[in-house]
Structure formats: structure tokens, C-alpha cells
$ cat run-v8.txt   # compact mmCIF, C-alpha atoms
# COMPACT_ATOMS: atom_id res chain seq x y z
CA ILE A 1 36.68 58.29 133.85
CA GLN A 2 38.73 55.14 134.35
CA SER A 3 41.91 57.14 134.98
CA GLY A 4 40.06 59.23 137.52
CA MET A 5 38.82 56.12 139.30
CA ALA A 6 42.33 54.66 139.27
CA PHE A 7 43.66 57.82 140.88
CA GLU A 8 40.99 57.82 143.56
CA ASP A 9 41.67 54.14 144.30
CA GLN A 10 45.42 54.80 144.53
CA MET A 11 44.98 57.75 146.85
CA ALA A 12 42.64 55.69 149.02
CA THR A 13 45.52 53.25 149.42
CA VAL A 14 47.90 56.10 150.23
CA GLY A 15 45.50 57.31 152.89
CA ALA A 16 45.11 53.85 154.39
CA VAL A 17 48.88 53.49 154.71
CA GLN A 18 49.76 57.05 155.68
CA PHE A 19 47.03 57.45 158.27
CA ALA A 20 46.77 53.93 159.64
CA GLY A 21 45.41 53.99 163.17
CA MET A 22 44.45 57.67 162.93
CA ASP A 23 41.01 59.26 162.91
CA ARG A 24 40.37 59.71 159.19
CA SER A 25 37.51 62.11 159.93
CA SER A 26 39.70 64.58 161.80
CA THR A 27 40.34 67.98 160.23
CA GLU A 28 44.12 67.44 160.39
CA VAL A 29 44.05 64.11 158.60
CA GLN A 30 41.66 65.37 155.94
CA ALA A 31 43.90 68.39 155.30
CA SER A 32 46.97 66.14 155.05
CA PHE A 33 45.18 63.79 152.66
CA LYS A 34 44.18 66.73 150.45
CA ALA A 35 47.78 67.93 150.43
CA LEU A 36 48.93 64.49 149.27
CA SER A 37 46.27 64.36 146.55
CA ASP A 38 47.14 67.86 145.35
CA ALA A 39 50.85 66.96 145.22
CA ALA A 40 50.13 63.86 143.15
CA LYS A 41 47.90 65.81 140.75
CA GLN A 42 50.53 68.53 140.35
CA ALA A 43 53.21 65.92 139.66
CA GLY A 44 50.93 64.50 136.98
CA LEU A 45 50.94 67.91 135.30
CA ASP A 46 54.63 68.69 135.75
CA THR A 47 56.31 65.33 134.99
CA ARG A 48 56.17 62.42 132.59
CA TYR A 49 54.34 60.40 135.23
CA SER A 50 50.60 60.38 135.76
CA ALA A 51 48.93 61.50 138.96
CA THR A 52 48.18 57.85 139.71
CA GLU A 53 51.85 56.91 139.35
CA ALA A 54 52.80 59.83 141.59
CA GLY A 55 50.30 58.44 144.07
CA GLN A 56 52.09 55.10 143.91
CA ALA A 57 55.33 56.86 144.81
CA LEU A 58 53.62 58.54 147.76
CA GLU A 59 52.36 55.14 148.90
CA LEU A 60 55.87 53.69 148.76
CA MET A 61 57.28 56.54 150.81
CA ALA A 62 54.49 56.19 153.35
CA ARG A 63 55.37 52.51 153.68
CA ALA A 64 58.99 53.59 154.22
CA GLY A 65 57.88 55.63 157.22
CA PHE A 66 57.76 59.13 155.71
CA ASN A 67 55.12 61.46 157.11
CA THR A 68 52.90 63.61 154.87
CA GLN A 69 55.25 66.58 154.68
CA GLN A 70 58.29 64.38 154.07
CA SER A 71 56.58 62.43 151.29
CA ILE A 72 55.46 65.59 149.51
CA ALA A 73 58.92 67.13 149.83
CA ALA A 74 60.66 64.00 148.53
CA LEU A 75 58.26 63.34 145.64
CA PRO A 76 60.02 65.56 143.04
CA GLY A 77 63.35 63.87 143.65
CA VAL A 78 61.87 60.37 143.47
CA LEU A 79 60.16 61.14 140.17
CA ALA A 80 63.31 62.79 138.81
CA ALA A 81 65.47 59.79 139.71
CA ALA A 82 62.98 57.41 138.12
CA ALA A 83 62.75 59.48 134.95
CA ALA A 84 66.53 59.77 134.59
CA GLU A 85 66.93 56.10 133.70
CA GLY A 86 63.38 54.90 133.17
CA MET A 87 63.36 53.15 136.54
CA ASP A 88 60.25 51.89 138.26
CA LEU A 89 59.00 54.14 141.02
CA ALA A 90 59.46 51.50 143.71
CA SER A 91 63.20 51.31 143.06
CA ALA A 92 63.59 55.08 142.77
CA SER A 93 61.67 55.65 145.99
CA SER A 94 63.79 53.13 147.85
CA ILE A 95 67.09 54.56 146.56
CA VAL A 96 66.27 58.21 147.23
CA SER A 97 64.88 57.49 150.71
CA ASN A 98 67.91 55.35 151.60
CA VAL A 99 70.36 58.07 150.51
CA LEU A 100 68.43 60.78 152.35
CA ARG A 101 68.45 58.78 155.56
CA GLY A 102 72.00 57.53 155.11
CA PHE A 103 73.30 61.11 154.97
CA ASN A 104 70.76 62.50 157.44
CA LEU A 105 69.48 64.87 154.77
CA ALA A 106 66.14 66.63 154.81
CA THR A 107 63.50 65.33 152.42
CA GLU A 108 63.70 68.71 150.67
CA ASP A 109 67.12 67.52 149.45
CA SER A 110 65.52 64.77 147.36
CA THR A 111 66.01 66.69 144.11
CA ARG A 112 69.68 67.24 145.01
CA VAL A 113 70.03 63.50 145.59
CA ALA A 114 68.38 62.73 142.27
CA ASP A 115 70.64 65.22 140.44
CA VAL A 116 73.79 63.76 142.00
CA LEU A 117 72.74 60.21 141.18
CA ALA A 118 71.81 61.10 137.60
CA ALA A 119 75.01 63.08 137.00
CA THR A 120 77.24 60.34 138.42
CA SER A 121 75.45 57.70 136.39
CA ALA A 122 75.76 59.73 133.19
CA LYS A 123 79.47 60.51 133.63
CA THR A 124 80.74 57.14 134.89
CA ASN A 125 80.31 53.44 134.25
CA SER A 126 77.52 53.17 136.77
CA SER A 127 73.75 53.36 137.04
CA ILE A 128 71.40 54.91 139.55
CA GLU A 129 70.38 51.43 140.66
CA SER A 130 73.96 50.28 141.30
CA LEU A 131 74.78 53.57 143.04
CA GLY A 132 71.77 53.03 145.26
CA GLN A 133 73.14 49.65 146.28
CA SER A 134 76.53 51.20 147.01
CA PHE A 135 75.11 54.04 149.06
CA LYS A 136 73.31 51.63 151.37
CA PHE A 137 76.70 50.64 152.77
CA ALA A 138 78.91 53.67 152.12
CA GLY A 139 76.40 56.41 152.91
CA PRO A 140 75.91 56.00 156.67
CA VAL A 141 79.66 55.64 157.33
CA ALA A 142 80.52 58.60 155.12
CA SER A 143 77.86 60.71 156.81
CA GLN A 144 79.27 59.95 160.25
CA LEU A 145 82.66 61.12 159.00
CA GLY A 146 81.25 64.38 157.68
CA LEU A 147 81.77 63.60 154.01
CA LYS A 148 79.56 65.22 151.39
CA LEU A 149 77.12 63.32 149.22
CA GLU A 150 78.76 64.64 146.06
CA ASP A 151 82.25 63.50 147.13
CA VAL A 152 81.08 59.99 147.98
CA ALA A 153 79.18 59.75 144.69
CA ALA A 154 82.35 60.77 142.84
CA ALA A 155 84.33 58.06 144.64
CA LEU A 156 81.70 55.45 143.80
CA GLY A 157 81.74 56.62 140.18
CA LEU A 158 85.50 56.16 139.98
CA ALA A 159 85.16 52.71 141.49
CA ALA A 160 82.52 51.88 138.88
CA ASN A 161 84.92 52.95 136.13
CA ALA A 162 87.33 50.36 137.52
CA GLY A 163 84.62 47.72 137.34
CA ILE A 164 83.68 47.79 141.03
CA GLN A 165 79.99 48.48 141.45
CA GLY A 166 76.94 47.94 143.61
CA THR A 167 77.22 46.41 147.04
CA VAL A 168 80.88 45.50 146.45
CA SER A 169 81.98 49.11 145.99
CA GLY A 170 79.74 50.24 148.85
CA ARG A 171 81.20 47.73 151.27
CA ASN A 172 84.77 48.43 150.12
CA LEU A 173 84.39 52.19 150.45
CA ALA A 174 82.75 51.93 153.87
CA SER A 175 85.57 49.66 155.02
CA GLY A 176 88.15 52.05 153.59
CA PHE A 177 86.65 54.99 155.44
CA ALA A 178 86.65 53.06 158.70
CA ASN A 179 90.29 52.02 158.23
CA LEU A 180 91.37 55.59 157.61
CA VAL A 181 89.79 56.74 160.85
CA LYS A 182 91.04 53.73 162.85
CA PRO A 183 94.00 52.40 160.82
CA THR A 184 95.90 49.26 161.69
CA ALA A 185 99.30 49.59 163.34
CA ALA A 186 101.06 48.86 160.06
CA ALA A 187 98.99 51.41 158.16
CA THR A 188 99.57 54.00 160.89
CA ALA A 189 103.34 53.50 160.63
CA VAL A 190 103.29 54.04 156.86
CA MET A 191 101.03 57.09 157.16
CA ASN A 192 103.28 58.62 159.81
CA GLU A 193 106.34 58.01 157.65
CA LEU A 194 104.65 59.78 154.75
CA GLY A 195 103.31 62.56 156.96
CA MET A 196 99.74 61.68 156.08
CA SER A 197 96.70 62.20 158.30
CA PHE A 198 93.03 61.74 157.44
CA THR A 199 91.57 62.83 160.75
CA LYS A 200 91.52 65.92 162.91
CA ILE A 201 90.20 66.98 166.29
CA GLY A 202 86.89 68.75 165.85
CA ALA A 203 85.38 71.61 167.81
CA ASN A 204 83.73 69.12 170.15
CA GLY A 205 87.10 67.56 170.98
CA GLN A 206 86.36 64.34 169.12
CA LYS A 207 88.14 62.82 166.14
CA GLU A 208 86.65 63.76 162.79
CA PHE A 209 87.39 62.82 159.20
CA LYS A 210 89.03 65.60 157.18
CA GLN A 211 87.09 67.04 154.26
CA LEU A 212 88.59 66.17 150.89
CA PRO A 213 89.97 69.69 150.16
CA GLU A 214 92.01 69.50 153.37
$ encode --input "run-v8.txt" --output "C-alpha cells"
Amino acid sequence: IQSGMAFEDQMATVGAVQFAGMDRSSTEVQASFKALSDAAKQAGLDTRYSATEAGQALELMARAGFNTQQSIAALPGVLAAAAAEGMDLASASSIVSNVLRGFNLATEDSTRVADVLAATSAKTNSSIESLGQSFKFAGPVASQLGLKLEDVAAALGLAANAGIQGTVSGRNLASGFANLVKPTAAATAVMNELGMSFTKIGANGQKEFKQLPE
């Protein structure tokens, strides 16, 4: 009974945040609220987290500005990221949402994000939390240059193996990307001498960053 009351209380908070300023009696809002409740209950059945904890994750995403559909779509990835290293849901929600937005990914890609973070953490001297800090700086720049999430994660993992983690590696990688696109005169001279180029002219006539296989 107590767990049921806790869940109802949590979902009431989700509703207050998600539908602030909206007519809670409208058919649309009631349908959206039911969808959120059903998603939390299903997560409670499918994962190590309870329905109440899943509701807490939904609340955090609502506070981050996600709409109902986005929160439901991102929930599996948030829970997966949290479970991978025993993180609290607040941190996992923040990291996954930041990576999604940094790379302009759809919320349906949340599980992909969680898998990439977990794999990079497991195979390198990094953690999901430190990768999240790195992605805050490196992600948006890499996305603008057309780089893939997986490639940037690999670069951050290599940096972590060299002892460079968190915001330091994120700032350094973002700066490195920017310098490759707009190198200094000295760097340009060296690159020209070596026959190296990291940019190309895209279909829209603008300069783009080459993909790694190129």
C-alpha cells in the first residue's frame, strides 16, 4: 500500500511539472498523464528500478524540458545508463539528455547513447559520469562538424586512458576540433607540407569536417 501511495505521489509531481499551466482536466492532458504512468509502471516491471524511481526519472526529464513523448522515449536509455554503473537517476538523466541534445539526436536514441557510454566506460579508464562531463563541451562542437557519437566517445576514451578526463578532455577535444577546421597560420603551413586536410566542401557549398574514415 505504501509503495502504491509513493508511486501516486511521485506521478502527481510528474504531472505538476510536465503539465504546468495546462488544463489538467483536458482529454489530451489526461491521456498524456496515463501514458507517463504506464511507462513508469512498465519500467518497474522490466528494469531493476521501481515504478516510483522511474517516475522520478520522468520528473527530471520534464524539468529538463522534455515533452511527454520525449520523456517516454528517453526513459529506457536513462535507466540503462543509471544501471550500468549504479548511478543515481538524476545524474543519468542529466547526462543522457545532454548528449542527446548535444548531438541533436532523437530521444529514441537514448538507449544508443546509454550503450555507447557504458561500452566506453567499460573498455577505457573512464566512467559514465566523467564522459558526461566531457560530452557537455565536446558534443555540440563535434555534432556541428558531423562527427558520430561513437567516434567522439572513442576519442574521449583514449584521452581517459592517458589520464585526461571530465571537463578537461571535453574542453581539449572541442578546442582541437575547432583548430582543425580553422587552423592557425603555422598549423596550416605544416598541414599543407604534409598534404593533410581535415575539411571538405559539402553539398551545400560550405566547409565541413571530414568523417574519420576519410
$ atom_distance --input "run-v8.txt" --atom1 "atom CA of A:Ala114" --atom2 "atom CA of A:Thr52"
20.9 Å
$ axis_aligned_box --input "run-v8.txt" --around "stretch 66-85 of chain A" --padding-each-side "5 Å" --output "JSON"
{"center_x": 59.9, "center_y": 61.6, "center_z": 145.4, "size_x": 24.0, "size_y": 21.0, "size_z": 33.4}
$ residues_around --input "run-v8.txt" --residues "A:Val17" --least-positions-apart "2" --cutoff "10 Å" --atoms "all atoms listed in the file" --output "list in words"
Met11, Ala12, Thr13, Val14, Gly15, Phe19, Ala20, Gly21, Leu58, Glu59, Leu60, Met61, Ala62, Arg63 and Gly65 of chain A
$ closest_residue --input "run-v8.txt" --among "A:Val113, A:Ile95, A:Ala84, A:Ala122" --to "A:Arg48" --atoms "all atoms listed in the file"
A:Ala84
$ residues_around --input "run-v8.txt" --residues "A:Ala119" --least-positions-apart "6" --cutoff "12 Å" --atoms "all atoms listed in the file" --output "list in words"
Ala80, Ala81, Ala84, Glu85, Arg112, Val113, Asn125, Ser126, Ser127, Ile128, Leu131, Glu150, Ala153, Ala154 and Gly157 of chain A
$ closest_residue --input "run-v8.txt" --among "A:Gln56, A:Phe103, A:Ala64, A:Leu117" --to "A:Leu89" --atoms "all atoms listed in the file"
A:Gln56
$ closest_atom_pairs --input "run-v8.txt" --of "stretch 102-138 of chain A" --to "stretch 142-147 of chain A" --cutoff "8 Å" --atoms "all atoms listed in the file" --output "Markdown table"
| residue | atom | partner | partner_atom | distance |
| --- | --- | --- | --- | --- |
| A:Gly102 | CA | A:Ser143 | CA | 6.9 |
| A:Phe103 | CA | A:Ser143 | CA | 4.9 |
| A:Asn104 | CA | A:Ser143 | CA | 7.3 |
| A:Ala138 | CA | A:Ala142 | CA | 6.0 |
